[in-house]
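Heads up, the thing below is written out as structure tokens.
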Amino acid sequence: MDFSFSAEQNAIRTAIQAICAQFDDAYWLEHDAHGGFPYELHEAMASAGWLGICMPEAYGGVNLGITEAAIMMQAISESGAGLSGASAVHMNIFGLSPVVQFATEAQKQRMLPPLIQGRERACFAVTEPNTGLNTTQLKVQAQRVGDQYVLSGSKVWISTAQVAEKMLILARTTPLKSARRHTGGLSLFYTDLDRKRVQIREIDKMGRKAVDSNELFIDQLEVPMDDRIGEEGEGFRYILHGMNAERILIAAEAVGLGRAALRKAAQYAGERIVFNRPIGQNQGIQHPLAQSWAELEAADLLVFKAATLYDQGQPAGTYANAAKYMAAEACFNACQRAVMTLGGYGYAKEYHVERYLRESFIPRIAPISPQLILCYIAEKVLGLPKSY
């Protein structure tokens, strides 16, 4: 059993760190204050070829695994970019996994290269206002009309829709009551985000202002048959392929964010003099920070165990969920301890840790709640009765 990264994996981390070094704390402070998509980071990642880290080489990708993608996303977050930086490229890494796995060759040739090259951006439109995590109850309708579908309905919490040209959307092609199984009747489409037919309303939120979150109101959006991925009615099965990858990646990002906060806190504790001694000399400061280091390292091991299982084609759902849960909690603890270590300065934006704390809620909330993860583990691992 070897817990070390390979020379190639370490080289990926070093390369990503070099790109992120171009975007300092002041860059992210500005984007946190005034918003605006971090185009410069996105373009730098695209120019270096990293947006296709998990995509096949045939379409311009690097053809590496989720393990390497997790290393990359963690490095972005840990640089101080946090979730503002990671979310700018997050969708590229996991979002089009269903296209890679289930699209036709012609669709892959058409859809993947522009995304990998950074010429197009995509949003992931699954969540709806009244269904929450109960994805099988989605209500956006996709009605077949001749050689196209007509979509209508609403989606919510759709990231990057303000800047996206494309949309991966899950919609109902068969009414739920007519579907042969509760997971059936949903179809997956990768299509143009036509703003004449899709009204996009940005949600003003507490953190990660650099990457927009939105409500989408879809009115008679015409989608060609050629934009449907795989078979009609099998969309739910297709998106499951990307869900474990997403959990692993956001867990890696959470560990990175927690490490960024811990780095700021430890530096401040070593420099801040009160009562003629650095506050970091006090065990009341040392112990919480040391505890966060241990929590983050433990979560990190779980992240890369899940990533390894995923890349080996083994069942990874349990560990992907557990990694997301543990990393999110460790991240939140590290961020709030960083704020408390800095005291009043921790509350000041110029010291950055309050931004980290606000962003730490994202991996706790999304893409699945901690409570539902615990329900999943209780049922699938411990054999307890299903509670929901």
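Residue numbers start at 1 in each chain; chains themselves are named A, B, ... in the order of the structure tokens; ligands are numbered from 1 in the order shown.
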Got a sec to tell me which of stretch 196-383 of chain A DSSP assigns to alpha helix (DSSP H), as an mmCIF file with N, CA and C atoms, in the first residue's frame?
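After the write, states_5.cif holds the following:
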```
data_model
loop_
_atom_site.group_PDB
_atom_site.id
_atom_site.type_symbol
_atom_site.label_atom_id
_atom_site.label_comp_id
_atom_site.auth_asym_id
_atom_site.auth_seq_id
_atom_site.Cartn_x
_atom_site.Cartn_y
_atom_site.Cartn_z
ATOM 1 N N GLY A 235 -31.763 9.329 -18.937
ATOM 2 C CA GLY A 235 -30.906 10.419 -18.481
ATOM 3 C C GLY A 235 -30.477 10.317 -17.034
ATOM 4 N N PHE A 236 -31.368 9.848 -16.164
ATOM 5 C CA PHE A 236 -31.009 9.732 -14.745
ATOM 6 C C PHE A 236 -29.830 8.781 -14.568
ATOM 7 N N ARG A 237 -29.873 7.677 -15.264
ATOM 8 C CA ARG A 237 -28.768 6.705 -15.189
ATOM 9 C C ARG A 237 -27.467 7.320 -15.687
ATOM 10 N N TYR A 238 -27.561 8.165 -16.712
ATOM 11 C CA TYR A 238 -26.356 8.768 -17.273
ATOM 12 C C TYR A 238 -25.706 9.760 -16.307
ATOM 13 N N ILE A 239 -26.538 10.595 -15.656
ATOM 14 C CA ILE A 239 -25.930 11.610 -14.777
ATOM 15 C C ILE A 239 -25.339 10.989 -13.522
ATOM 16 N N LEU A 240 -25.812 9.796 -13.145
ATOM 17 C CA LEU A 240 -25.220 9.132 -11.983
ATOM 18 C C LEU A 240 -23.734 8.895 -12.182
ATOM 19 N N HIS A 241 -23.325 8.729 -13.446
ATOM 20 C CA HIS A 241 -21.921 8.468 -13.738
ATOM 21 C C HIS A 241 -21.043 9.639 -13.298
ATOM 22 N N GLY A 242 -21.587 10.842 -13.346
ATOM 23 C CA GLY A 242 -20.801 12.004 -12.969
ATOM 24 C C GLY A 242 -20.925 12.404 -11.511
ATOM 25 N N MET A 243 -21.915 11.856 -10.806
ATOM 26 C CA MET A 243 -22.176 12.316 -9.441
ATOM 27 C C MET A 243 -21.079 11.927 -8.469
ATOM 28 N N ASN A 244 -20.580 10.685 -8.562
ATOM 29 C CA ASN A 244 -19.497 10.294 -7.664
ATOM 30 C C ASN A 244 -18.238 11.110 -7.937
ATOM 31 N N ALA A 245 -17.983 11.375 -9.215
ATOM 32 C CA ALA A 245 -16.826 12.206 -9.560
ATOM 33 C C ALA A 245 -16.973 13.600 -8.963
ATOM 34 N N GLU A 246 -18.173 14.151 -9.039
ATOM 35 C CA GLU A 246 -18.398 15.487 -8.488
ATOM 36 C C GLU A 246 -18.156 15.517 -6.985
ATOM 37 N N ARG A 247 -18.626 14.497 -6.285
ATOM 38 C CA ARG A 247 -18.422 14.454 -4.831
ATOM 39 C C ARG A 247 -16.935 14.389 -4.485
ATOM 40 N N ILE A 248 -16.184 13.602 -5.250
ATOM 41 C CA ILE A 248 -14.748 13.485 -5.002
ATOM 42 C C ILE A 248 -14.049 14.820 -5.243
ATOM 43 N N LEU A 249 -14.415 15.479 -6.315
ATOM 44 C CA LEU A 249 -13.752 16.743 -6.652
ATOM 45 C C LEU A 249 -14.072 17.837 -5.644
ATOM 46 N N ILE A 250 -15.335 17.946 -5.246
ATOM 47 C CA ILE A 250 -15.669 19.012 -4.295
ATOM 48 C C ILE A 250 -15.061 18.711 -2.927
ATOM 49 N N ALA A 251 -14.892 17.422 -2.613
ATOM 50 C CA ALA A 251 -14.198 17.066 -1.373
ATOM 51 C C ALA A 251 -12.736 17.494 -1.431
ATOM 52 N N ALA A 252 -12.095 17.268 -2.581
ATOM 53 C CA ALA A 252 -10.706 17.703 -2.743
ATOM 54 C C ALA A 252 -10.593 19.219 -2.629
ATOM 55 N N GLU A 253 -11.552 19.930 -3.215
ATOM 56 C CA GLU A 253 -11.563 21.393 -3.138
ATOM 57 C C GLU A 253 -11.755 21.865 -1.702
ATOM 58 N N ALA A 254 -12.600 21.155 -0.950
ATOM 59 C CA ALA A 254 -12.835 21.526 0.445
ATOM 60 C C ALA A 254 -11.569 21.366 1.273
ATOM 61 N N VAL A 255 -10.841 20.274 1.055
ATOM 62 C CA VAL A 255 -9.567 20.098 1.760
ATOM 63 C C VAL A 255 -8.610 21.232 1.400
ATOM 64 N N GLY A 256 -8.559 21.595 0.121
ATOM 65 C CA GLY A 256 -7.693 22.696 -0.295
ATOM 66 C C GLY A 256 -8.055 24.004 0.364
ATOM 67 N N LEU A 257 -9.344 24.299 0.440
ATOM 68 C CA LEU A 257 -9.798 25.537 1.075
ATOM 69 C C LEU A 257 -9.451 25.533 2.558
ATOM 70 N N GLY A 258 -9.661 24.397 3.218
ATOM 71 C CA GLY A 258 -9.311 24.307 4.631
ATOM 72 C C GLY A 258 -7.827 24.522 4.861
ATOM 73 N N ARG A 259 -7.014 23.985 3.972
ATOM 74 C CA ARG A 259 -5.566 24.179 4.100
ATOM 75 C C ARG A 259 -5.169 25.640 3.909
ATOM 76 N N ALA A 260 -5.834 26.318 2.975
ATOM 77 C CA ALA A 260 -5.552 27.744 2.771
ATOM 78 C C ALA A 260 -5.855 28.535 4.036
ATOM 79 N N ALA A 261 -6.987 28.232 4.670
ATOM 80 C CA ALA A 261 -7.361 28.914 5.909
ATOM 81 C C ALA A 261 -6.375 28.602 7.026
ATOM 82 N N LEU A 262 -5.987 27.340 7.121
ATOM 83 C CA LEU A 262 -5.052 26.930 8.175
ATOM 84 C C LEU A 262 -3.698 27.601 7.980
ATOM 85 N N ARG A 263 -3.264 27.741 6.739
ATOM 86 C CA ARG A 263 -1.995 28.407 6.455
ATOM 87 C C ARG A 263 -2.029 29.862 6.924
ATOM 88 N N LYS A 264 -3.123 30.562 6.630
ATOM 89 C CA LYS A 264 -3.266 31.954 7.063
ATOM 90 C C LYS A 264 -3.265 32.045 8.589
ATOM 91 N N ALA A 265 -3.982 31.123 9.232
ATOM 92 C CA ALA A 265 -4.095 31.163 10.683
ATOM 93 C C ALA A 265 -2.760 30.895 11.363
ATOM 94 N N ALA A 266 -2.036 29.892 10.870
ATOM 95 C CA ALA A 266 -0.752 29.551 11.482
ATOM 96 C C ALA A 266 0.260 30.678 11.300
ATOM 97 N N GLN A 267 0.254 31.299 10.122
ATOM 98 C CA GLN A 267 1.167 32.412 9.882
ATOM 99 C C GLN A 267 0.867 33.570 10.829
ATOM 100 N N TYR A 268 -0.418 33.894 10.963
ATOM 101 C CA TYR A 268 -0.811 35.000 11.841
ATOM 102 C C TYR A 268 -0.463 34.673 13.293
ATOM 103 N N ALA A 269 -0.729 33.427 13.709
ATOM 104 C CA ALA A 269 -0.464 33.043 15.098
ATOM 105 C C ALA A 269 1.018 33.117 15.434
ATOM 106 N N GLY A 270 1.862 32.889 14.433
ATOM 107 C CA GLY A 270 3.300 32.973 14.674
ATOM 108 C C GLY A 270 3.824 34.386 14.714
ATOM 109 N N GLU A 271 3.075 35.318 14.133
ATOM 110 C CA GLU A 271 3.534 36.712 14.035
ATOM 111 C C GLU A 271 2.864 37.658 15.021
ATOM 112 N N GLN A 283 -1.370 27.196 23.972
ATOM 113 C CA GLN A 283 -2.009 25.949 23.571
ATOM 114 C C GLN A 283 -3.456 26.152 23.150
ATOM 115 N N GLY A 284 -4.090 27.183 23.687
ATOM 116 C CA GLY A 284 -5.462 27.486 23.295
ATOM 117 C C GLY A 284 -5.572 27.869 21.825
ATOM 118 N N ILE A 285 -4.490 28.350 21.246
ATOM 119 C CA ILE A 285 -4.427 28.638 19.811
ATOM 120 C C ILE A 285 -3.883 27.424 19.062
ATOM 121 N N GLN A 286 -2.839 26.804 19.614
ATOM 122 C CA GLN A 286 -2.184 25.684 18.940
ATOM 123 C C GLN A 286 -3.113 24.493 18.708
ATOM 124 N N HIS A 287 -3.816 24.096 19.735
ATOM 125 C CA HIS A 287 -4.550 22.839 19.683
ATOM 126 C C HIS A 287 -5.673 22.820 18.635
ATOM 127 N N PRO A 288 -6.505 23.859 18.560
ATOM 128 C CA PRO A 288 -7.534 23.839 17.511
ATOM 129 C C PRO A 288 -6.940 23.782 16.106
ATOM 130 N N LEU A 289 -5.834 24.494 15.887
ATOM 131 C CA LEU A 289 -5.218 24.487 14.562
ATOM 132 C C LEU A 289 -4.589 23.132 14.265
ATOM 133 N N ALA A 290 -3.946 22.540 15.261
ATOM 134 C CA ALA A 290 -3.372 21.208 15.080
ATOM 135 C C ALA A 290 -4.472 20.175 14.816
ATOM 136 N N GLN A 291 -5.597 20.333 15.505
ATOM 137 C CA GLN A 291 -6.723 19.438 15.281
ATOM 138 C C GLN A 291 -7.232 19.549 13.849
ATOM 139 N N SER A 292 -7.306 20.789 13.340
ATOM 140 C CA SER A 292 -7.749 20.979 11.955
ATOM 141 C C SER A 292 -6.782 20.346 10.970
ATOM 142 N N TRP A 293 -5.489 20.451 11.250
ATOM 143 C CA TRP A 293 -4.525 19.794 10.354
ATOM 144 C C TRP A 293 -4.812 18.297 10.283
ATOM 145 N N ALA A 294 -5.024 17.676 11.437
ATOM 146 C CA ALA A 294 -5.285 16.240 11.472
ATOM 147 C C ALA A 294 -6.585 15.902 10.753
ATOM 148 N N GLU A 295 -7.616 16.706 10.970
ATOM 149 C CA GLU A 295 -8.911 16.462 10.323
ATOM 150 C C GLU A 295 -8.795 16.571 8.807
ATOM 151 N N LEU A 296 -8.078 17.577 8.332
ATOM 152 C CA LEU A 296 -7.915 17.765 6.888
ATOM 153 C C LEU A 296 -7.111 16.633 6.263
ATOM 154 N N GLU A 297 -6.066 16.186 6.953
ATOM 155 C CA GLU A 297 -5.262 15.094 6.421
ATOM 156 C C GLU A 297 -6.058 13.794 6.370
ATOM 157 N N ALA A 298 -6.865 13.546 7.385
ATOM 158 C CA ALA A 298 -7.692 12.339 7.386
ATOM 159 C C ALA A 298 -8.712 12.385 6.248
ATOM 160 N N ALA A 299 -9.326 13.551 6.061
ATOM 161 C CA ALA A 299 -10.281 13.713 4.968
ATOM 162 C C ALA A 299 -9.601 13.533 3.623
ATOM 163 N N ASP A 300 -8.366 14.025 3.522
ATOM 164 C CA ASP A 300 -7.627 13.918 2.268
ATOM 165 C C ASP A 300 -7.377 12.453 1.891
ATOM 166 N N LEU A 301 -7.055 11.637 2.865
ATOM 167 C CA LEU A 301 -6.860 10.208 2.594
ATOM 168 C C LEU A 301 -8.139 9.573 2.064
ATOM 169 N N LEU A 302 -9.272 9.979 2.619
ATOM 170 C CA LEU A 302 -10.551 9.448 2.166
ATOM 171 C C LEU A 302 -10.860 9.922 0.751
ATOM 172 N N VAL A 303 -10.517 11.169 0.442
ATOM 173 C CA VAL A 303 -10.714 11.698 -0.915
ATOM 174 C C VAL A 303 -9.984 10.843 -1.934
ATOM 175 N N PHE A 304 -8.723 10.546 -1.671
ATOM 176 C CA PHE A 304 -7.928 9.847 -2.674
ATOM 177 C C PHE A 304 -8.168 8.337 -2.661
ATOM 178 N N LYS A 305 -8.708 7.807 -1.576
ATOM 179 C CA LYS A 305 -9.177 6.431 -1.634
ATOM 180 C C LYS A 305 -10.386 6.346 -2.565
ATOM 181 N N ALA A 306 -11.315 7.293 -2.413
ATOM 182 C CA ALA A 306 -12.492 7.313 -3.284
ATOM 183 C C ALA A 306 -12.082 7.508 -4.742
ATOM 184 N N ALA A 307 -11.135 8.405 -4.981
ATOM 185 C CA ALA A 307 -10.681 8.672 -6.352
ATOM 186 C C ALA A 307 -10.028 7.437 -6.962
ATOM 187 N N THR A 308 -9.241 6.728 -6.161
ATOM 188 C CA THR A 308 -8.569 5.517 -6.651
ATOM 189 C C THR A 308 -9.587 4.441 -7.020
ATOM 190 N N LEU A 309 -10.574 4.242 -6.159
ATOM 191 C CA LEU A 309 -11.623 3.267 -6.457
ATOM 192 C C LEU A 309 -12.355 3.645 -7.739
ATOM 193 N N TYR A 310 -12.656 4.929 -7.883
ATOM 194 C CA TYR A 310 -13.370 5.402 -9.076
ATOM 195 C C TYR A 310 -12.552 5.111 -10.334
ATOM 196 N N ASP A 311 -11.270 5.442 -10.284
ATOM 197 C CA ASP A 311 -10.417 5.253 -11.468
ATOM 198 C C ASP A 311 -10.186 3.781 -11.787
ATOM 199 N N GLY A 317 -19.237 4.812 -4.662
ATOM 200 C CA GLY A 317 -20.262 5.694 -4.119
ATOM 201 C C GLY A 317 -20.147 5.948 -2.636
ATOM 202 N N THR A 318 -19.932 4.901 -1.858
ATOM 203 C CA THR A 318 -19.860 5.052 -0.408
ATOM 204 C C THR A 318 -18.693 5.940 -0.007
ATOM 205 N N TYR A 319 -17.530 5.684 -0.595
ATOM 206 C CA TYR A 319 -16.352 6.469 -0.223
ATOM 207 C C TYR A 319 -16.396 7.876 -0.796
ATOM 208 N N ALA A 320 -16.993 8.046 -1.952
ATOM 209 C CA ALA A 320 -17.145 9.394 -2.516
ATOM 210 C C ALA A 320 -18.031 10.247 -1.618
ATOM 211 N N ASN A 321 -19.113 9.663 -1.151
ATOM 212 C CA ASN A 321 -20.007 10.389 -0.246
ATOM 213 C C ASN A 321 -19.339 10.667 1.098
ATOM 214 N N ALA A 322 -18.668 9.652 1.645
ATOM 215 C CA ALA A 322 -17.993 9.828 2.926
ATOM 216 C C ALA A 322 -16.885 10.878 2.834
ATOM 217 N N ALA A 323 -16.160 10.871 1.718
ATOM 218 C CA ALA A 323 -15.100 11.866 1.523
ATOM 219 C C ALA A 323 -15.678 13.270 1.478
ATOM 220 N N LYS A 324 -16.773 13.414 0.757
ATOM 221 C CA LYS A 324 -17.419 14.729 0.676
ATOM 222 C C LYS A 324 -17.867 15.193 2.057
ATOM 223 N N TYR A 325 -18.438 14.291 2.840
ATOM 224 C CA TYR A 325 -18.904 14.643 4.187
ATOM 225 C C TYR A 325 -17.733 15.054 5.079
ATOM 226 N N MET A 326 -16.715 14.217 5.160
ATOM 227 C CA MET A 326 -15.601 14.486 6.061
ATOM 228 C C MET A 326 -14.807 15.714 5.647
ATOM 229 N N ALA A 327 -14.587 15.880 4.348
ATOM 230 C CA ALA A 327 -13.821 17.035 3.865
ATOM 231 C C ALA A 327 -14.564 18.339 4.120
ATOM 232 N N ALA A 328 -15.867 18.330 3.898
ATOM 233 C CA ALA A 328 -16.652 19.545 4.114
ATOM 234 C C ALA A 328 -16.631 19.960 5.581
ATOM 235 N N GLU A 329 -16.771 18.985 6.482
ATOM 236 C CA GLU A 329 -16.753 19.302 7.907
ATOM 237 C C GLU A 329 -15.369 19.776 8.344
ATOM 238 N N ALA A 330 -14.325 19.113 7.861
ATOM 239 C CA ALA A 330 -12.962 19.519 8.215
ATOM 240 C C ALA A 330 -12.652 20.909 7.686
ATOM 241 N N CYS A 331 -13.127 21.195 6.487
ATOM 242 C CA CYS A 331 -12.932 22.515 5.885
ATOM 243 C C CYS A 331 -13.613 23.597 6.712
ATOM 244 N N PHE A 332 -14.871 23.368 7.045
ATOM 245 C CA PHE A 332 -15.611 24.352 7.842
ATOM 246 C C PHE A 332 -14.922 24.593 9.184
ATOM 247 N N ASN A 333 -14.497 23.528 9.847
ATOM 248 C CA ASN A 333 -13.824 23.686 11.140
ATOM 249 C C ASN A 333 -12.550 24.504 10.999
ATOM 250 N N ALA A 334 -11.778 24.220 9.968
ATOM 251 C CA ALA A 334 -10.522 24.949 9.766
ATOM 252 C C ALA A 334 -10.779 26.423 9.493
ATOM 253 N N CYS A 335 -11.806 26.715 8.699
ATOM 254 C CA CYS A 335 -12.093 28.103 8.344
ATOM 255 C C CYS A 335 -12.602 28.907 9.539
ATOM 256 N N GLN A 336 -13.477 28.302 10.333
ATOM 257 C CA GLN A 336 -13.985 29.060 11.481
ATOM 258 C C GLN A 336 -12.904 29.205 12.544
ATOM 259 N N ARG A 337 -12.032 28.214 12.664
ATOM 260 C CA ARG A 337 -10.908 28.350 13.613
ATOM 261 C C ARG A 337 -9.920 29.403 13.140
ATOM 262 N N ALA A 338 -9.758 29.533 11.826
ATOM 263 C CA ALA A 338 -8.880 30.579 11.300
ATOM 264 C C ALA A 338 -9.422 31.959 11.637
ATOM 265 N N VAL A 339 -10.721 32.140 11.461
ATOM 266 C CA VAL A 339 -11.341 33.425 11.804
ATOM 267 C C VAL A 339 -11.138 33.720 13.283
ATOM 268 N N MET A 340 -11.379 32.753 14.133
ATOM 269 C CA MET A 340 -11.244 32.970 15.567
ATOM 270 C C MET A 340 -9.790 33.199 15.970
ATOM 271 N N THR A 341 -8.845 32.578 15.269
ATOM 272 C CA THR A 341 -7.429 32.802 15.562
ATOM 273 C C THR A 341 -7.047 34.249 15.284
ATOM 274 N N LEU A 342 -7.572 34.790 14.180
ATOM 275 C CA LEU A 342 -7.272 36.182 13.837
ATOM 276 C C LEU A 342 -8.106 37.175 14.635
ATOM 277 N N VAL A 353 -9.674 35.328 5.511
ATOM 278 C CA VAL A 353 -10.236 34.119 6.108
ATOM 279 C C VAL A 353 -11.756 34.184 6.251
ATOM 280 N N GLU A 354 -12.325 35.381 6.362
ATOM 281 C CA GLU A 354 -13.794 35.456 6.418
ATOM 282 C C GLU A 354 -14.401 35.027 5.078
ATOM 283 N N ARG A 355 -13.694 35.292 3.971
ATOM 284 C CA ARG A 355 -14.150 34.801 2.661
ATOM 285 C C ARG A 355 -14.089 33.290 2.614
ATOM 286 N N TYR A 356 -13.002 32.740 3.137
ATOM 287 C CA TYR A 356 -12.890 31.286 3.183
ATOM 288 C C TYR A 356 -14.043 30.672 3.983
ATOM 289 N N LEU A 357 -14.371 31.289 5.114
ATOM 290 C CA LEU A 357 -15.450 30.763 5.943
ATOM 291 C C LEU A 357 -16.776 30.786 5.192
ATOM 292 N N ARG A 358 -17.055 31.878 4.498
ATOM 293 C CA ARG A 358 -18.300 31.945 3.726
ATOM 294 C C ARG A 358 -18.325 30.872 2.637
ATOM 295 N N GLU A 359 -17.193 30.666 1.992
ATOM 296 C CA GLU A 359 -17.145 29.663 0.935
ATOM 297 C C GLU A 359 -17.199 28.235 1.488
ATOM 298 N N SER A 360 -16.811 28.046 2.744
ATOM 299 C CA SER A 360 -16.787 26.703 3.315
ATOM 300 C C SER A 360 -18.183 26.103 3.447
ATOM 301 N N PHE A 361 -19.213 26.937 3.390
ATOM 302 C CA PHE A 361 -20.575 26.406 3.460
ATOM 303 C C PHE A 361 -20.968 25.696 2.161
ATOM 304 N N ILE A 362 -20.312 26.025 1.059
ATOM 305 C CA ILE A 362 -20.698 25.437 -0.228
ATOM 306 C C ILE A 362 -20.512 23.921 -0.228
ATOM 307 N N PRO A 363 -19.333 23.395 0.121
ATOM 308 C CA PRO A 363 -19.202 21.931 0.120
ATOM 309 C C PRO A 363 -20.035 21.249 1.200
ATOM 310 N N ARG A 364 -20.444 21.976 2.212
ATOM 311 C CA ARG A 364 -21.339 21.376 3.208
ATOM 312 C C ARG A 364 -22.747 21.224 2.637
ATOM 313 N N ILE A 365 -23.185 22.192 1.860
ATOM 314 C CA ILE A 365 -24.551 22.189 1.344
ATOM 315 C C ILE A 365 -24.677 21.383 0.062
ATOM 316 N N PRO A 370 -25.184 17.018 4.165
ATOM 317 C CA PRO A 370 -24.506 16.052 5.051
ATOM 318 C C PRO A 370 -25.481 15.042 5.647
ATOM 319 N N GLN A 371 -26.707 15.493 5.899
ATOM 320 C CA GLN A 371 -27.690 14.583 6.494
ATOM 321 C C GLN A 371 -28.038 13.431 5.543
ATOM 322 N N LEU A 372 -28.174 13.755 4.252
ATOM 323 C CA LEU A 372 -28.526 12.707 3.304
ATOM 324 C C LEU A 372 -27.366 11.740 3.097
ATOM 325 N N ILE A 373 -26.141 12.239 3.193
ATOM 326 C CA ILE A 373 -24.987 11.336 3.128
ATOM 327 C C ILE A 373 -25.015 10.354 4.296
ATOM 328 N N LEU A 374 -25.319 10.858 5.490
ATOM 329 C CA LEU A 374 -25.379 9.976 6.645
ATOM 330 C C LEU A 374 -26.503 8.959 6.496
ATOM 331 N N CYS A 375 -27.620 9.377 5.911
ATOM 332 C CA CYS A 375 -28.702 8.432 5.635
ATOM 333 C C CYS A 375 -28.242 7.344 4.672
ATOM 334 N N TYR A 376 -27.497 7.758 3.658
ATOM 335 C CA TYR A 376 -26.984 6.810 2.651
ATOM 336 C C TYR A 376 -26.056 5.787 3.298
ATOM 337 N N ILE A 377 -25.130 6.255 4.124
ATOM 338 C CA ILE A 377 -24.182 5.349 4.769
ATOM 339 C C ILE A 377 -24.898 4.425 5.736
ATOM 340 N N ALA A 378 -25.864 4.966 6.474
ATOM 341 C CA ALA A 378 -26.623 4.140 7.413
ATOM 342 C C ALA A 378 -27.329 2.997 6.695
ATOM 343 N N GLU A 379 -27.892 3.309 5.529
ATOM 344 C CA GLU A 379 -28.638 2.295 4.776
ATOM 345 C C GLU A 379 -27.709 1.339 4.030
ATOM 346 N N LYS A 380 -26.777 1.908 3.236
ATOM 347 C CA LYS A 380 -25.971 1.087 2.333
ATOM 348 C C LYS A 380 -24.827 0.350 3.019
#
```
For this session: Could you give me, as an MDAnalysis selection string, the residues within 8 Å of stretch 79-92 of chain A, counting only C-alpha atoms and dropping anything in the same chain fewer than 5 positions from it?
Result: chainID A and resid 17 20:21 23:25 28 37:38 41:42 51:52 73:74 115:116 121:124 160 208:211 249 253:254 256:257 260 356 359
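With only C-alpha atoms as the atoms that count, the minimum distance from A:Arg197 to the choices A:Gly185, A:Pro224, A:Gly313, A:Gly153 is reached by A:Gly153.
Relative to atom CA of A:Val100, atom CA of A:Val150 is found at 24.3 Å.
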Problem set entry | Spatial neighbours of stretch 167-171 of chain A, max dist 10 Å, only C-alpha atoms, sep filter under 5 positions, as a ChimeraX atom specification | /A:95-96,98-99,121-127,135,138-143,151-153,155,158,160-161,185-194,227-229,233,235-236,238-239
Exercise. If you run DSSP on this backbone, which residues of stretch 176-301 of chain A come out as strand (DSSP E or B), and could you give them as a PyMOL selection string?
Worked result: chain A and resi 186-192+198-202+213-224+228-229+234+273-274+277-278
Problem set entry | 12 Å contact set for A:Trp50, only C-alpha atoms, chain neighbours under 2 positions out, as number ranges by chain | A: 12-13, 15-16, 19, 41-48, 52-55, 57, 60-64, 68-69, 71-73, 76, 89-90, 92-93, 115-118
For this session: Pick out the residues sitting within 9 Å of A:Leu29, and hand them over as a ChimeraX atom specification; count only C-alpha atoms, and ignore anything fewer than 3 positions along from it in its own chain.
Result: /A:24-26,32-34,349-350,352,355
Got time to write the residues from that selection, N, CA and C atoms, as a JSON list (two decimals), in the first residue's frame?
```
[["chain", "number", "residue", "atom", "x", "y", "z"],
["A", 24, "ASP", "N", -3.24, 36.40, -7.23],
["A", 24, "ASP", "CA", -2.95, 36.51, -5.81],
["A", 24, "ASP", "C", -4.21, 36.82, -5.00],
["A", 25, "ASP", "N", -4.01, 37.03, -3.70],
["A", 25, "ASP", "CA", -5.14, 37.31, -2.81],
["A", 25, "ASP", "C", -5.91, 38.55, -3.25],
["A", 26, "ALA", "N", -5.20, 39.55, -3.75],
["A", 26, "ALA", "CA", -5.87, 40.78, -4.18],
["A", 26, "ALA", "C", -6.82, 40.52, -5.34],
["A", 32, "ASP", "N", -14.37, 38.85, -5.18],
["A", 32, "ASP", "CA", -15.33, 38.61, -4.12],
["A", 32, "ASP", "C", -16.16, 39.86, -3.84],
["A", 33, "ALA", "N", -15.54, 41.01, -3.98],
["A", 33, "ALA", "CA", -16.23, 42.27, -3.70],
["A", 33, "ALA", "C", -17.17, 42.67, -4.83],
["A", 34, "HIS", "N", -16.73, 42.50, -6.07],
["A", 34, "HIS", "CA", -17.48, 43.06, -7.20],
["A", 34, "HIS", "C", -18.01, 42.01, -8.18],
["A", 349, "LYS", "N", -12.21, 41.81, 5.72],
["A", 349, "LYS", "CA", -12.07, 41.19, 4.41],
["A", 349, "LYS", "C", -10.62, 41.14, 3.94],
["A", 350, "GLU", "N", -9.82, 42.12, 4.31],
["A", 350, "GLU", "CA", -8.46, 42.18, 3.79],
["A", 350, "GLU", "C", -7.59, 41.03, 4.28],
["A", 352, "HIS", "N", -8.82, 37.85, 4.43],
["A", 352, "HIS", "CA", -9.25, 36.75, 3.55],
["A", 352, "HIS", "C", -9.93, 35.57, 4.23],
["A", 355, "ARG", "N", -13.69, 35.29, 3.97],
["A", 355, "ARG", "CA", -14.15, 34.80, 2.66],
["A", 355, "ARG", "C", -14.09, 33.29, 2.61]]
```
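Picture a line from atom CA of A:Gly346 to atom CA of A:Ile273; it runs 15.6 Å.
The nearest approach to A:Glu215 among the residues A:Ser4, A:Ser77, A:Asn130, A:Gln199, with only C-alpha atoms taken into account, belongs to A:Gln199.
Note that atom CA of A:Gly49 and atom CA of A:Glu30 are 26.3 Å apart.
The nearest approach to A:Thr136 among the residues A:Lys386, A:Lys177, A:Lys196, A:Lys108, with only C-alpha atoms taken into account, belongs to A:Lys177.
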